[in-house]
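Take a look at the structure set out below.
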Amino acid sequence: MPRIRLDTDGPVVTVRIDHPPMNAFDSAQRTELAARVRELADARDVRAVVLYGGERLFAAGADIKALAAMGPEEVRGWNRALQRTFDEVARLPMPVVAAITGYALGGGMELALAADHRVAAEDAVLGQPEVQLGIMPGSGGTQRLVRLIGPSRAKNLLMTGRRVGAEEALGLGLVDEVVPAGTVHKAALRYARQLAEGPAAALEAIKEAVDHGADIGVEAGLALERALFTGVFGTRDATTGIRSFIEEGPGKARFGDD
């Protein structure tokens, strides 16, 4: 049975993790996720992606029993592959929204961190508990978390391994929206559809500028922004948007494929 499903809703695709009972990541699930993400990266008709683990939970991290059976060299290769897969999620050209239900722990939280926007159920629980096992996060937790919420708050979560509820996660900036349980996927789809109606090239450029600009210094970041702006200016969507603004006023443009 497939552990990763793609559910299509017009220009929005939900990447559904389906590996009960805990959606834990093992090599088979990681391989399936990587294959599906690569399909999406090349799909011109996909304009937004939602990551979803189902109504019960998002994902509860790595398969600890499988990790316990590995030696240092084997676990290094396994970790490298999982890190690469989550990087591929983060590098998808279209917006990615995580719909977080139940638990998003360890690798599950690291997958959510690879998204551009996170919607959490009011009863969701997030955390990086690896330190409680005598190890540390290895698939983006020490890097994406600090960029999202700052070094001091990130160290607190990473060093204590404590779990945080949805409201605290919202206050920390770990999630962007908290909604009633049972409405998470709908809320994530609603936001994804809104973005899917926007200019695809401009959204991709914004994502690239934000994700890469923060790590290269202001001067280099401005040069990246300038180059991306110039490239976007020549797209069909830019022509449509500018013409619509002049003729109809702001906010009325309807964008299509470039």
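So you can find residues: chains in the structure tokens are A, B, ... in the order shown, residues in each start at 1, and ligands are numbered from 1 in order.
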Need to verify the contact set: Asn79 in chain A, 12 Å, only C-alpha atoms, exclusion of same-chain residues closer than 6 positions in sequence. Can you return it as a ChimeraX atom specification? /A:25-27,30,62-63,67,70-73,85-86,107,136-140
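Near range 184-198 of chain A, within a cut-off of 6 Å and counting only C-alpha atoms, sit the residues A:Arg47, A:Ala48, A:Ala99, A:Ala121, A:Gly182, with same-chain residues fewer than 2 positions away left out.
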Can you list, as a compact mmCIF listing (two decimals) with N, CA, C and O atoms, in the first residue's frame, every residue of range 79-222 of chain A that DSSP puts in alpha helix (DSSP H)?
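And here's out13.txt as it stands now:
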```
# COMPACT_ATOMS: atom_id res chain seq x y z
N ASN A 79 20.14 9.54 7.40
CA ASN A 79 19.85 10.93 7.73
C ASN A 79 20.11 11.85 6.56
O ASN A 79 19.33 12.78 6.30
N ARG A 80 21.17 11.60 5.82
CA ARG A 80 21.47 12.43 4.66
C ARG A 80 20.33 12.37 3.65
O ARG A 80 19.93 13.39 3.08
N ALA A 81 19.79 11.17 3.44
CA ALA A 81 18.70 11.00 2.48
C ALA A 81 17.43 11.72 2.96
O ALA A 81 16.74 12.36 2.16
N LEU A 82 17.12 11.63 4.26
CA LEU A 82 15.91 12.29 4.77
C LEU A 82 16.09 13.81 4.72
O LEU A 82 15.16 14.54 4.34
N GLN A 83 17.27 14.29 5.06
CA GLN A 83 17.54 15.72 4.99
C GLN A 83 17.39 16.23 3.56
O GLN A 83 16.80 17.29 3.30
N ARG A 84 17.90 15.45 2.61
CA ARG A 84 17.80 15.83 1.20
C ARG A 84 16.34 15.86 0.75
O ARG A 84 15.93 16.78 0.01
N THR A 85 15.54 14.92 1.22
CA THR A 85 14.13 14.89 0.84
C THR A 85 13.39 16.11 1.37
O THR A 85 12.61 16.75 0.65
N PHE A 86 13.63 16.47 2.63
CA PHE A 86 12.97 17.65 3.19
C PHE A 86 13.46 18.92 2.50
O PHE A 86 12.70 19.88 2.33
N ASP A 87 14.72 18.94 2.09
CA ASP A 87 15.23 20.07 1.31
C ASP A 87 14.47 20.19 -0.01
O ASP A 87 14.17 21.31 -0.47
N GLU A 88 14.17 19.06 -0.63
CA GLU A 88 13.42 19.07 -1.89
C GLU A 88 12.01 19.61 -1.68
O GLU A 88 11.46 20.30 -2.54
N VAL A 89 11.42 19.31 -0.52
CA VAL A 89 10.11 19.89 -0.19
C VAL A 89 10.25 21.41 -0.08
O VAL A 89 9.45 22.16 -0.64
N ALA A 90 11.26 21.86 0.64
CA ALA A 90 11.46 23.30 0.83
C ALA A 90 11.74 24.02 -0.48
O ALA A 90 11.39 25.19 -0.64
N GLY A 107 11.02 14.39 13.19
CA GLY A 107 11.01 14.52 11.74
C GLY A 107 9.71 15.07 11.20
O GLY A 107 9.68 15.73 10.16
N GLY A 108 8.60 14.83 11.91
CA GLY A 108 7.32 15.40 11.48
C GLY A 108 7.33 16.91 11.57
O GLY A 108 6.87 17.60 10.66
N MET A 109 7.89 17.44 12.66
CA MET A 109 7.99 18.90 12.77
C MET A 109 8.98 19.44 11.75
O MET A 109 8.77 20.52 11.18
N GLU A 110 10.06 18.71 11.50
CA GLU A 110 11.04 19.17 10.51
C GLU A 110 10.43 19.23 9.12
O GLU A 110 10.75 20.13 8.33
N LEU A 111 9.55 18.29 8.80
CA LEU A 111 8.84 18.36 7.52
C LEU A 111 7.95 19.61 7.48
O LEU A 111 7.91 20.33 6.47
N ALA A 112 7.23 19.88 8.57
CA ALA A 112 6.39 21.08 8.63
C ALA A 112 7.22 22.35 8.49
O ALA A 112 6.79 23.33 7.88
N LEU A 113 8.44 22.35 9.05
CA LEU A 113 9.31 23.52 8.94
C LEU A 113 9.74 23.79 7.50
O LEU A 113 10.10 24.92 7.16
N GLY A 141 15.92 20.59 11.74
CA GLY A 141 15.42 21.18 12.97
C GLY A 141 16.31 22.26 13.55
O GLY A 141 15.83 23.29 14.03
N THR A 142 17.62 22.06 13.52
CA THR A 142 18.52 23.07 14.10
C THR A 142 18.73 24.26 13.17
O THR A 142 19.20 25.31 13.62
N GLN A 143 18.38 24.13 11.91
CA GLN A 143 18.61 25.19 10.94
C GLN A 143 17.34 25.97 10.60
O GLN A 143 17.31 27.20 10.68
N ARG A 144 16.30 25.29 10.22
CA ARG A 144 15.06 26.00 9.85
C ARG A 144 14.36 26.59 11.08
O ARG A 144 13.76 27.66 10.99
N LEU A 145 14.46 25.91 12.21
CA LEU A 145 13.79 26.42 13.41
C LEU A 145 14.41 27.74 13.86
O LEU A 145 13.68 28.69 14.18
N VAL A 146 15.73 27.84 13.88
CA VAL A 146 16.36 29.07 14.32
C VAL A 146 16.06 30.22 13.36
O VAL A 146 15.89 31.38 13.78
N ARG A 147 15.94 29.94 12.08
CA ARG A 147 15.60 30.98 11.10
C ARG A 147 14.15 31.43 11.25
O ARG A 147 13.81 32.55 10.87
N LEU A 148 13.33 30.55 11.79
CA LEU A 148 11.91 30.86 11.92
C LEU A 148 11.60 31.62 13.21
O LEU A 148 10.84 32.59 13.19
N ILE A 149 12.17 31.19 14.33
CA ILE A 149 11.78 31.77 15.63
C ILE A 149 12.94 32.40 16.39
O ILE A 149 12.74 32.91 17.49
N PRO A 151 17.38 32.32 17.56
CA PRO A 151 18.26 31.34 18.21
C PRO A 151 17.88 31.00 19.65
O PRO A 151 17.96 29.84 20.06
N SER A 152 17.48 31.97 20.45
CA SER A 152 17.19 31.70 21.86
C SER A 152 15.98 30.78 22.01
O SER A 152 16.02 29.78 22.74
N ARG A 153 14.90 31.11 21.32
CA ARG A 153 13.71 30.27 21.40
C ARG A 153 13.96 28.90 20.79
O ARG A 153 13.47 27.88 21.30
N ALA A 154 14.71 28.86 19.70
CA ALA A 154 15.02 27.58 19.08
C ALA A 154 15.83 26.70 20.03
O ALA A 154 15.55 25.50 20.19
N LYS A 155 16.84 27.28 20.68
CA LYS A 155 17.65 26.50 21.62
C LYS A 155 16.81 25.96 22.77
O LYS A 155 17.02 24.84 23.25
N ASN A 156 15.85 26.76 23.23
CA ASN A 156 14.98 26.29 24.30
C ASN A 156 14.24 25.03 23.90
O ASN A 156 14.22 24.03 24.63
N LEU A 157 13.63 25.05 22.71
CA LEU A 157 12.88 23.87 22.27
C LEU A 157 13.80 22.70 21.98
O LEU A 157 13.48 21.54 22.32
N LEU A 158 14.96 22.96 21.38
CA LEU A 158 15.88 21.90 20.99
C LEU A 158 16.58 21.28 22.19
O LEU A 158 16.80 20.06 22.25
N MET A 159 16.94 22.11 23.18
CA MET A 159 17.72 21.62 24.31
C MET A 159 16.87 20.95 25.38
O MET A 159 17.34 20.08 26.11
N THR A 160 15.61 21.37 25.49
CA THR A 160 14.72 20.73 26.48
C THR A 160 13.92 19.59 25.86
O THR A 160 13.49 18.67 26.56
N ALA A 166 -0.64 24.39 20.33
CA ALA A 166 -0.83 25.24 19.15
C ALA A 166 -0.77 26.72 19.49
O ALA A 166 -0.17 27.50 18.73
N GLU A 167 -1.38 27.13 20.59
CA GLU A 167 -1.40 28.56 20.91
C GLU A 167 0.00 29.07 21.24
O GLU A 167 0.38 30.17 20.83
N GLU A 168 0.79 28.28 21.98
CA GLU A 168 2.16 28.70 22.25
C GLU A 168 2.97 28.71 20.95
O GLU A 168 3.77 29.62 20.72
N ALA A 169 2.73 27.71 20.10
CA ALA A 169 3.43 27.67 18.82
C ALA A 169 3.11 28.90 17.98
O ALA A 169 3.99 29.45 17.30
N LEU A 170 1.87 29.36 18.04
CA LEU A 170 1.48 30.58 17.32
C LEU A 170 2.22 31.79 17.88
O LEU A 170 2.73 32.63 17.14
N GLY A 171 2.30 31.88 19.21
CA GLY A 171 2.99 32.99 19.83
C GLY A 171 4.48 33.00 19.53
O GLY A 171 5.09 34.06 19.40
N LEU A 172 5.07 31.82 19.38
CA LEU A 172 6.49 31.70 19.05
C LEU A 172 6.77 32.02 17.59
O LEU A 172 7.91 32.29 17.21
N VAL A 184 -8.64 21.78 9.79
CA VAL A 184 -7.27 22.13 9.41
C VAL A 184 -7.04 21.98 7.91
O VAL A 184 -6.51 22.89 7.26
N HIS A 185 -7.42 20.84 7.37
CA HIS A 185 -7.17 20.62 5.94
C HIS A 185 -7.95 21.63 5.10
O HIS A 185 -7.42 22.16 4.11
N LYS A 186 -9.18 21.90 5.47
CA LYS A 186 -9.98 22.88 4.74
C LYS A 186 -9.33 24.27 4.79
O LYS A 186 -9.29 24.99 3.79
N ALA A 187 -8.84 24.64 5.97
CA ALA A 187 -8.20 25.95 6.11
C ALA A 187 -6.92 26.03 5.28
O ALA A 187 -6.63 27.03 4.64
N ALA A 188 -6.14 24.94 5.29
CA ALA A 188 -4.91 24.92 4.50
C ALA A 188 -5.22 24.97 3.01
O ALA A 188 -4.56 25.68 2.24
N LEU A 189 -6.26 24.24 2.59
CA LEU A 189 -6.66 24.27 1.18
C LEU A 189 -7.14 25.66 0.79
O LEU A 189 -6.84 26.13 -0.31
N ARG A 190 -7.88 26.32 1.66
CA ARG A 190 -8.39 27.66 1.37
C ARG A 190 -7.23 28.62 1.13
O ARG A 190 -7.24 29.40 0.16
N TYR A 191 -6.22 28.57 1.98
CA TYR A 191 -5.06 29.45 1.81
C TYR A 191 -4.27 29.07 0.55
O TYR A 191 -3.84 29.94 -0.22
N ALA A 192 -4.11 27.76 0.32
CA ALA A 192 -3.38 27.30 -0.86
C ALA A 192 -4.09 27.71 -2.15
O ALA A 192 -3.44 28.12 -3.12
N ARG A 193 -5.42 27.62 -2.16
CA ARG A 193 -6.17 28.04 -3.36
C ARG A 193 -6.00 29.53 -3.61
O ARG A 193 -5.90 29.98 -4.76
N GLN A 194 -5.98 30.32 -2.53
CA GLN A 194 -5.76 31.76 -2.69
C GLN A 194 -4.42 32.03 -3.36
O GLN A 194 -4.33 32.85 -4.29
N LEU A 195 -3.38 31.34 -2.92
CA LEU A 195 -2.07 31.53 -3.52
C LEU A 195 -2.03 30.98 -4.94
O LEU A 195 -1.36 31.56 -5.82
N ALA A 196 -2.75 29.89 -5.18
CA ALA A 196 -2.76 29.27 -6.51
C ALA A 196 -3.36 30.19 -7.56
O ALA A 196 -3.10 30.04 -8.75
N ALA A 200 2.19 32.77 -10.80
CA ALA A 200 3.09 31.69 -10.40
C ALA A 200 4.55 32.10 -10.41
O ALA A 200 5.30 31.78 -9.48
N ALA A 201 5.00 32.80 -11.44
CA ALA A 201 6.40 33.18 -11.53
C ALA A 201 6.79 34.15 -10.41
O ALA A 201 7.88 34.06 -9.84
N ALA A 202 5.89 35.09 -10.10
CA ALA A 202 6.18 36.05 -9.03
C ALA A 202 6.24 35.35 -7.68
O ALA A 202 7.11 35.64 -6.85
N LEU A 203 5.33 34.39 -7.43
CA LEU A 203 5.35 33.65 -6.17
C LEU A 203 6.62 32.83 -6.03
O LEU A 203 7.23 32.78 -4.96
N GLU A 204 7.03 32.19 -7.12
CA GLU A 204 8.27 31.42 -7.09
C GLU A 204 9.46 32.33 -6.81
O GLU A 204 10.36 31.99 -6.03
N ALA A 205 9.49 33.50 -7.43
CA ALA A 205 10.59 34.44 -7.24
C ALA A 205 10.62 34.98 -5.82
O ALA A 205 11.70 35.13 -5.22
N ILE A 206 9.46 35.29 -5.27
CA ILE A 206 9.38 35.77 -3.88
C ILE A 206 9.93 34.70 -2.93
O ILE A 206 10.72 34.99 -2.02
N LYS A 207 9.52 33.46 -3.15
CA LYS A 207 9.99 32.36 -2.31
C LYS A 207 11.51 32.23 -2.39
O LYS A 207 12.18 32.09 -1.37
N GLU A 208 12.04 32.30 -3.60
CA GLU A 208 13.49 32.19 -3.77
C GLU A 208 14.22 33.35 -3.12
O GLU A 208 15.26 33.17 -2.46
N ALA A 209 13.70 34.56 -3.27
CA ALA A 209 14.34 35.73 -2.69
C ALA A 209 14.37 35.66 -1.17
O ALA A 209 15.39 35.95 -0.53
N VAL A 210 13.26 35.27 -0.56
CA VAL A 210 13.19 35.18 0.90
C VAL A 210 14.05 34.04 1.42
O VAL A 210 14.83 34.20 2.37
N ASP A 211 13.92 32.86 0.81
CA ASP A 211 14.62 31.68 1.32
C ASP A 211 16.14 31.79 1.19
O ASP A 211 16.88 31.35 2.05
N HIS A 212 16.60 32.39 0.09
CA HIS A 212 18.04 32.46 -0.15
C HIS A 212 18.65 33.80 0.25
O HIS A 212 19.83 33.85 0.61
N GLY A 213 17.86 34.86 0.21
CA GLY A 213 18.41 36.17 0.49
C GLY A 213 18.86 36.36 1.92
O GLY A 213 19.83 37.08 2.18
N VAL A 218 22.89 41.53 3.01
CA VAL A 218 21.95 42.46 2.41
C VAL A 218 22.34 42.82 0.97
O VAL A 218 21.49 42.83 0.06
N GLU A 219 23.60 43.11 0.73
CA GLU A 219 24.01 43.54 -0.60
C GLU A 219 23.77 42.44 -1.64
O GLU A 219 23.20 42.69 -2.71
N ALA A 220 24.18 41.23 -1.32
CA ALA A 220 23.95 40.11 -2.23
C ALA A 220 22.47 39.80 -2.35
O ALA A 220 21.98 39.45 -3.42
N GLY A 221 21.75 39.95 -1.23
CA GLY A 221 20.31 39.71 -1.26
C GLY A 221 19.58 40.70 -2.16
O GLY A 221 18.67 40.33 -2.89
N LEU A 222 20.00 41.95 -2.10
CA LEU A 222 19.40 42.96 -2.98
C LEU A 222 19.72 42.68 -4.45
O LEU A 222 18.88 42.90 -5.33
```
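Near Asp7 in chain A, within 12 Å and counting only C-alpha atoms, sit Val13, Thr14, Val15, Arg16, Ile17, Asp18, Arg36, Leu40, Val46, Val49, Val50, Leu51, Tyr52 and Leu189 of chain A; same-chain residues fewer than 6 positions away were not included.
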For the selection you just gave me, I'd like the residues written to a file as a compact mmCIF listing (two decimals), in the first residue's frame, keeping all heavy atoms.
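Full text of result_18.txt as output:
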```txt
# COMPACT_ATOMS: atom_id res chain seq x y z
N VAL A 13 -2.46 20.46 -4.91
CA VAL A 13 -2.25 19.03 -4.65
C VAL A 13 -1.95 18.85 -3.16
O VAL A 13 -1.09 19.53 -2.61
CB VAL A 13 -1.11 18.47 -5.49
CG1 VAL A 13 -0.76 17.04 -5.05
CG2 VAL A 13 -1.48 18.46 -6.97
N THR A 14 -2.67 17.92 -2.54
CA THR A 14 -2.38 17.54 -1.16
C THR A 14 -1.46 16.33 -1.16
O THR A 14 -1.78 15.30 -1.77
CB THR A 14 -3.67 17.22 -0.39
OG1 THR A 14 -4.46 18.40 -0.27
CG2 THR A 14 -3.35 16.69 1.00
N VAL A 15 -0.33 16.45 -0.50
CA VAL A 15 0.57 15.32 -0.27
C VAL A 15 0.15 14.69 1.04
O VAL A 15 0.37 15.25 2.12
CB VAL A 15 2.04 15.78 -0.20
CG1 VAL A 15 2.95 14.60 0.10
CG2 VAL A 15 2.45 16.45 -1.50
N ARG A 16 -0.50 13.54 0.94
CA ARG A 16 -1.12 12.89 2.10
C ARG A 16 -0.22 11.78 2.62
O ARG A 16 0.05 10.80 1.92
CB ARG A 16 -2.48 12.35 1.70
CG ARG A 16 -3.16 11.45 2.72
CD ARG A 16 -3.63 12.22 3.95
NE ARG A 16 -4.67 11.48 4.63
CZ ARG A 16 -4.44 10.56 5.58
NH1 ARG A 16 -3.20 10.29 5.95
NH2 ARG A 16 -5.44 9.92 6.16
N ILE A 17 0.29 11.96 3.84
CA ILE A 17 1.08 10.91 4.50
C ILE A 17 0.09 9.90 5.09
O ILE A 17 -0.76 10.26 5.89
CB ILE A 17 1.97 11.50 5.61
CG1 ILE A 17 2.83 12.64 5.05
CG2 ILE A 17 2.84 10.42 6.23
CD1 ILE A 17 3.51 13.46 6.12
N ASP A 18 0.22 8.65 4.72
CA ASP A 18 -0.75 7.63 5.12
C ASP A 18 -0.02 6.36 5.56
O ASP A 18 0.04 5.37 4.84
CB ASP A 18 -1.70 7.34 3.96
CG ASP A 18 -2.87 6.45 4.37
OD1 ASP A 18 -3.06 6.26 5.58
OD2 ASP A 18 -3.58 5.96 3.48
N ARG A 36 7.38 11.50 -4.93
CA ARG A 36 6.20 12.34 -5.17
C ARG A 36 6.59 13.82 -5.26
O ARG A 36 6.04 14.57 -6.08
CB ARG A 36 5.17 12.14 -4.04
CG ARG A 36 4.68 10.73 -3.84
CD ARG A 36 3.81 10.24 -5.00
NE ARG A 36 4.59 9.74 -6.10
CZ ARG A 36 5.17 8.54 -6.12
NH1 ARG A 36 5.09 7.74 -5.08
NH2 ARG A 36 5.85 8.14 -7.18
N LEU A 40 6.06 16.63 -8.35
CA LEU A 40 5.42 17.94 -8.20
C LEU A 40 6.34 19.06 -8.68
O LEU A 40 5.86 20.06 -9.23
CB LEU A 40 5.06 18.16 -6.73
CG LEU A 40 3.96 17.25 -6.17
CD1 LEU A 40 3.85 17.42 -4.66
CD2 LEU A 40 2.63 17.54 -6.84
N VAL A 46 0.50 22.34 -11.33
CA VAL A 46 0.37 22.40 -9.87
C VAL A 46 0.87 23.77 -9.41
O VAL A 46 2.01 24.14 -9.64
CB VAL A 46 1.18 21.29 -9.18
CG1 VAL A 46 1.08 21.43 -7.66
CG2 VAL A 46 0.68 19.92 -9.63
N VAL A 49 0.84 23.42 -2.92
CA VAL A 49 0.90 22.08 -2.32
C VAL A 49 0.52 22.17 -0.85
O VAL A 49 0.91 23.11 -0.15
CB VAL A 49 2.32 21.49 -2.47
CG1 VAL A 49 2.48 20.21 -1.64
CG2 VAL A 49 2.64 21.21 -3.94
N VAL A 50 -0.25 21.18 -0.39
CA VAL A 50 -0.60 21.06 1.03
C VAL A 50 0.00 19.76 1.56
O VAL A 50 -0.18 18.70 0.95
CB VAL A 50 -2.12 21.06 1.24
CG1 VAL A 50 -2.46 20.76 2.70
CG2 VAL A 50 -2.72 22.40 0.82
N LEU A 51 0.72 19.83 2.68
CA LEU A 51 1.23 18.65 3.37
C LEU A 51 0.26 18.28 4.47
O LEU A 51 -0.08 19.12 5.30
CB LEU A 51 2.61 18.93 3.98
CG LEU A 51 3.71 19.44 3.05
CD1 LEU A 51 4.95 19.80 3.86
CD2 LEU A 51 4.04 18.40 1.99
N TYR A 52 -0.17 17.01 4.51
CA TYR A 52 -1.24 16.63 5.43
C TYR A 52 -1.04 15.17 5.87
O TYR A 52 -0.75 14.30 5.04
CB TYR A 52 -2.58 16.79 4.71
CG TYR A 52 -3.82 16.48 5.51
CD1 TYR A 52 -4.02 17.04 6.77
CD2 TYR A 52 -4.80 15.65 5.00
CE1 TYR A 52 -5.18 16.77 7.49
CE2 TYR A 52 -5.97 15.38 5.70
CZ TYR A 52 -6.16 15.94 6.94
OH TYR A 52 -7.31 15.67 7.64
N LEU A 189 -6.26 24.24 2.59
CA LEU A 189 -6.66 24.27 1.18
C LEU A 189 -7.14 25.66 0.79
O LEU A 189 -6.84 26.13 -0.31
CB LEU A 189 -7.78 23.25 0.93
CG LEU A 189 -7.37 21.80 0.71
CD1 LEU A 189 -8.62 20.93 0.57
CD2 LEU A 189 -6.49 21.65 -0.53
```
Strand (DSSP E) per DSSP on the backbone: members of range 33-257 of chain A, as a VMD selection string: chain A and resid 48 to 52 96 to 100 103 to 105 117 to 121 125 to 127 163 to 165 177 to 179
Could you write those residues out with N, CA, C and O atoms, as an mmCIF file, in the first residue's frame?
```cif
data_model
loop_
_atom_site.group_PDB
_atom_site.id
_atom_site.type_symbol
_atom_site.label_atom_id
_atom_site.label_comp_id
_atom_site.auth_asym_id
_atom_site.auth_seq_id
_atom_site.Cartn_x
_atom_site.Cartn_y
_atom_site.Cartn_z
ATOM 1 N N ALA A 48 0.081 25.055 -6.043
ATOM 2 C CA ALA A 48 0.267 25.096 -4.589
ATOM 3 C C ALA A 48 0.172 23.672 -4.063
ATOM 4 O O ALA A 48 -0.487 22.818 -4.661
ATOM 5 N N VAL A 49 0.842 23.416 -2.918
ATOM 6 C CA VAL A 49 0.899 22.081 -2.324
ATOM 7 C C VAL A 49 0.521 22.165 -0.853
ATOM 8 O O VAL A 49 0.912 23.112 -0.153
ATOM 9 N N VAL A 50 -0.254 21.181 -0.388
ATOM 10 C CA VAL A 50 -0.598 21.063 1.027
ATOM 11 C C VAL A 50 -0.002 19.763 1.558
ATOM 12 O O VAL A 50 -0.180 18.698 0.949
ATOM 13 N N LEU A 51 0.716 19.828 2.679
ATOM 14 C CA LEU A 51 1.233 18.651 3.366
ATOM 15 C C LEU A 51 0.262 18.281 4.470
ATOM 16 O O LEU A 51 -0.084 19.120 5.305
ATOM 17 N N TYR A 52 -0.167 17.012 4.511
ATOM 18 C CA TYR A 52 -1.238 16.627 5.433
ATOM 19 C C TYR A 52 -1.038 15.174 5.866
ATOM 20 O O TYR A 52 -0.750 14.305 5.045
ATOM 21 N N VAL A 96 4.030 26.009 -0.404
ATOM 22 C CA VAL A 96 3.752 24.764 0.316
ATOM 23 C C VAL A 96 3.147 25.122 1.665
ATOM 24 O O VAL A 96 3.707 25.925 2.419
ATOM 25 N N VAL A 97 1.997 24.525 1.978
ATOM 26 C CA VAL A 97 1.274 24.785 3.226
ATOM 27 C C VAL A 97 1.209 23.488 4.021
ATOM 28 O O VAL A 97 0.781 22.458 3.488
ATOM 29 N N ALA A 98 1.620 23.519 5.284
ATOM 30 C CA ALA A 98 1.515 22.352 6.154
ATOM 31 C C ALA A 98 0.211 22.434 6.942
ATOM 32 O O ALA A 98 -0.065 23.453 7.585
ATOM 33 N N ALA A 99 -0.585 21.363 6.897
ATOM 34 C CA ALA A 99 -1.827 21.261 7.664
ATOM 35 C C ALA A 99 -1.557 20.329 8.840
ATOM 36 O O ALA A 99 -1.523 19.102 8.680
ATOM 37 N N ILE A 100 -1.360 20.904 10.030
ATOM 38 C CA ILE A 100 -0.856 20.146 11.176
ATOM 39 C C ILE A 100 -1.998 19.746 12.110
ATOM 40 O O ILE A 100 -2.660 20.601 12.696
ATOM 41 N N TYR A 103 -0.085 15.338 16.402
ATOM 42 C CA TYR A 103 1.331 15.496 16.716
ATOM 43 C C TYR A 103 2.160 15.796 15.474
ATOM 44 O O TYR A 103 1.980 15.168 14.431
ATOM 45 N N ALA A 104 3.075 16.757 15.610
ATOM 46 C CA ALA A 104 4.136 16.993 14.633
ATOM 47 C C ALA A 104 5.426 17.033 15.441
ATOM 48 O O ALA A 104 5.801 18.073 15.988
ATOM 49 N N LEU A 105 6.066 15.880 15.554
ATOM 50 C CA LEU A 105 7.214 15.730 16.432
ATOM 51 C C LEU A 105 8.427 15.251 15.653
ATOM 52 O O LEU A 105 8.300 14.484 14.696
ATOM 53 N N HIS A 117 4.101 27.940 4.956
ATOM 54 C CA HIS A 117 3.022 28.417 5.826
ATOM 55 C C HIS A 117 2.508 27.209 6.603
ATOM 56 O O HIS A 117 2.378 26.121 6.039
ATOM 57 N N ARG A 118 2.211 27.412 7.891
ATOM 58 C CA ARG A 118 1.772 26.306 8.734
ATOM 59 C C ARG A 118 0.436 26.635 9.395
ATOM 60 O O ARG A 118 0.317 27.648 10.086
ATOM 61 N N VAL A 119 -0.550 25.762 9.161
ATOM 62 C CA VAL A 119 -1.863 25.871 9.790
ATOM 63 C C VAL A 119 -1.982 24.716 10.779
ATOM 64 O O VAL A 119 -1.784 23.549 10.401
ATOM 65 N N ALA A 120 -2.301 25.020 12.041
ATOM 66 C CA ALA A 120 -2.355 23.986 13.075
ATOM 67 C C ALA A 120 -3.736 23.894 13.700
ATOM 68 O O ALA A 120 -4.417 24.907 13.878
ATOM 69 N N ALA A 121 -4.123 22.687 14.054
ATOM 70 C CA ALA A 121 -5.346 22.483 14.831
ATOM 71 C C ALA A 121 -5.142 23.021 16.234
ATOM 72 O O ALA A 121 -4.023 23.024 16.761
ATOM 73 N N VAL A 125 0.107 19.418 18.795
ATOM 74 C CA VAL A 125 1.283 19.443 19.658
ATOM 75 C C VAL A 125 2.523 19.323 18.772
ATOM 76 O O VAL A 125 2.606 18.426 17.927
ATOM 77 N N LEU A 126 3.476 20.238 18.957
ATOM 78 C CA LEU A 126 4.685 20.251 18.142
ATOM 79 C C LEU A 126 5.916 20.179 19.034
ATOM 80 O O LEU A 126 5.886 20.619 20.188
ATOM 81 N N GLY A 127 7.002 19.641 18.496
ATOM 82 C CA GLY A 127 8.224 19.599 19.279
ATOM 83 C C GLY A 127 9.344 18.854 18.586
ATOM 84 O O GLY A 127 9.131 18.118 17.619
ATOM 85 N N ARG A 163 7.446 19.798 24.403
ATOM 86 C CA ARG A 163 6.398 19.921 23.404
ATOM 87 C C ARG A 163 5.593 21.189 23.656
ATOM 88 O O ARG A 163 5.401 21.588 24.807
ATOM 89 N N VAL A 164 5.117 21.807 22.595
ATOM 90 C CA VAL A 164 4.333 23.029 22.735
ATOM 91 C C VAL A 164 2.980 22.842 22.066
ATOM 92 O O VAL A 164 2.869 22.175 21.034
ATOM 93 N N GLY A 165 1.960 23.413 22.685
ATOM 94 C CA GLY A 165 0.626 23.385 22.100
ATOM 95 C C GLY A 165 0.494 24.419 21.001
ATOM 96 O O GLY A 165 1.377 25.264 20.791
ATOM 97 N N GLU A 177 -1.185 30.021 11.819
ATOM 98 C CA GLU A 177 -2.639 30.090 11.980
ATOM 99 C C GLU A 177 -3.085 28.902 12.822
ATOM 100 O O GLU A 177 -2.583 27.786 12.650
ATOM 101 N N VAL A 178 -4.009 29.129 13.751
ATOM 102 C CA VAL A 178 -4.598 28.057 14.552
ATOM 103 C C VAL A 178 -6.102 28.032 14.288
ATOM 104 O O VAL A 178 -6.761 29.076 14.351
ATOM 105 N N VAL A 179 -6.620 26.852 13.975
ATOM 106 C CA VAL A 179 -8.030 26.706 13.622
ATOM 107 C C VAL A 179 -8.629 25.559 14.421
ATOM 108 O O VAL A 179 -7.901 24.723 14.972
#
```
From the list A:Ala253, A:Leu6, A:Ala66, A:Ile216, which residue is nearest Thr240 in chain A when using only C-alpha atoms?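 Ranking A:Ala253, A:Leu6, A:Ala66, A:Ile216 by distance to Thr240 in chain A, first place goes to A:Ala253.
For the atom pair formed by CA of Asn23 in chain A and CA of Arg5 in chain A, the distance is 12.6 Å, given to one decimal.
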CA of Arg91 in chain A sits from CA of Asp42 in chain A at a separation of 11.8 Å
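CA of Glu55 in chain A lies 23.1 Å from CA of Arg162 in chain A.
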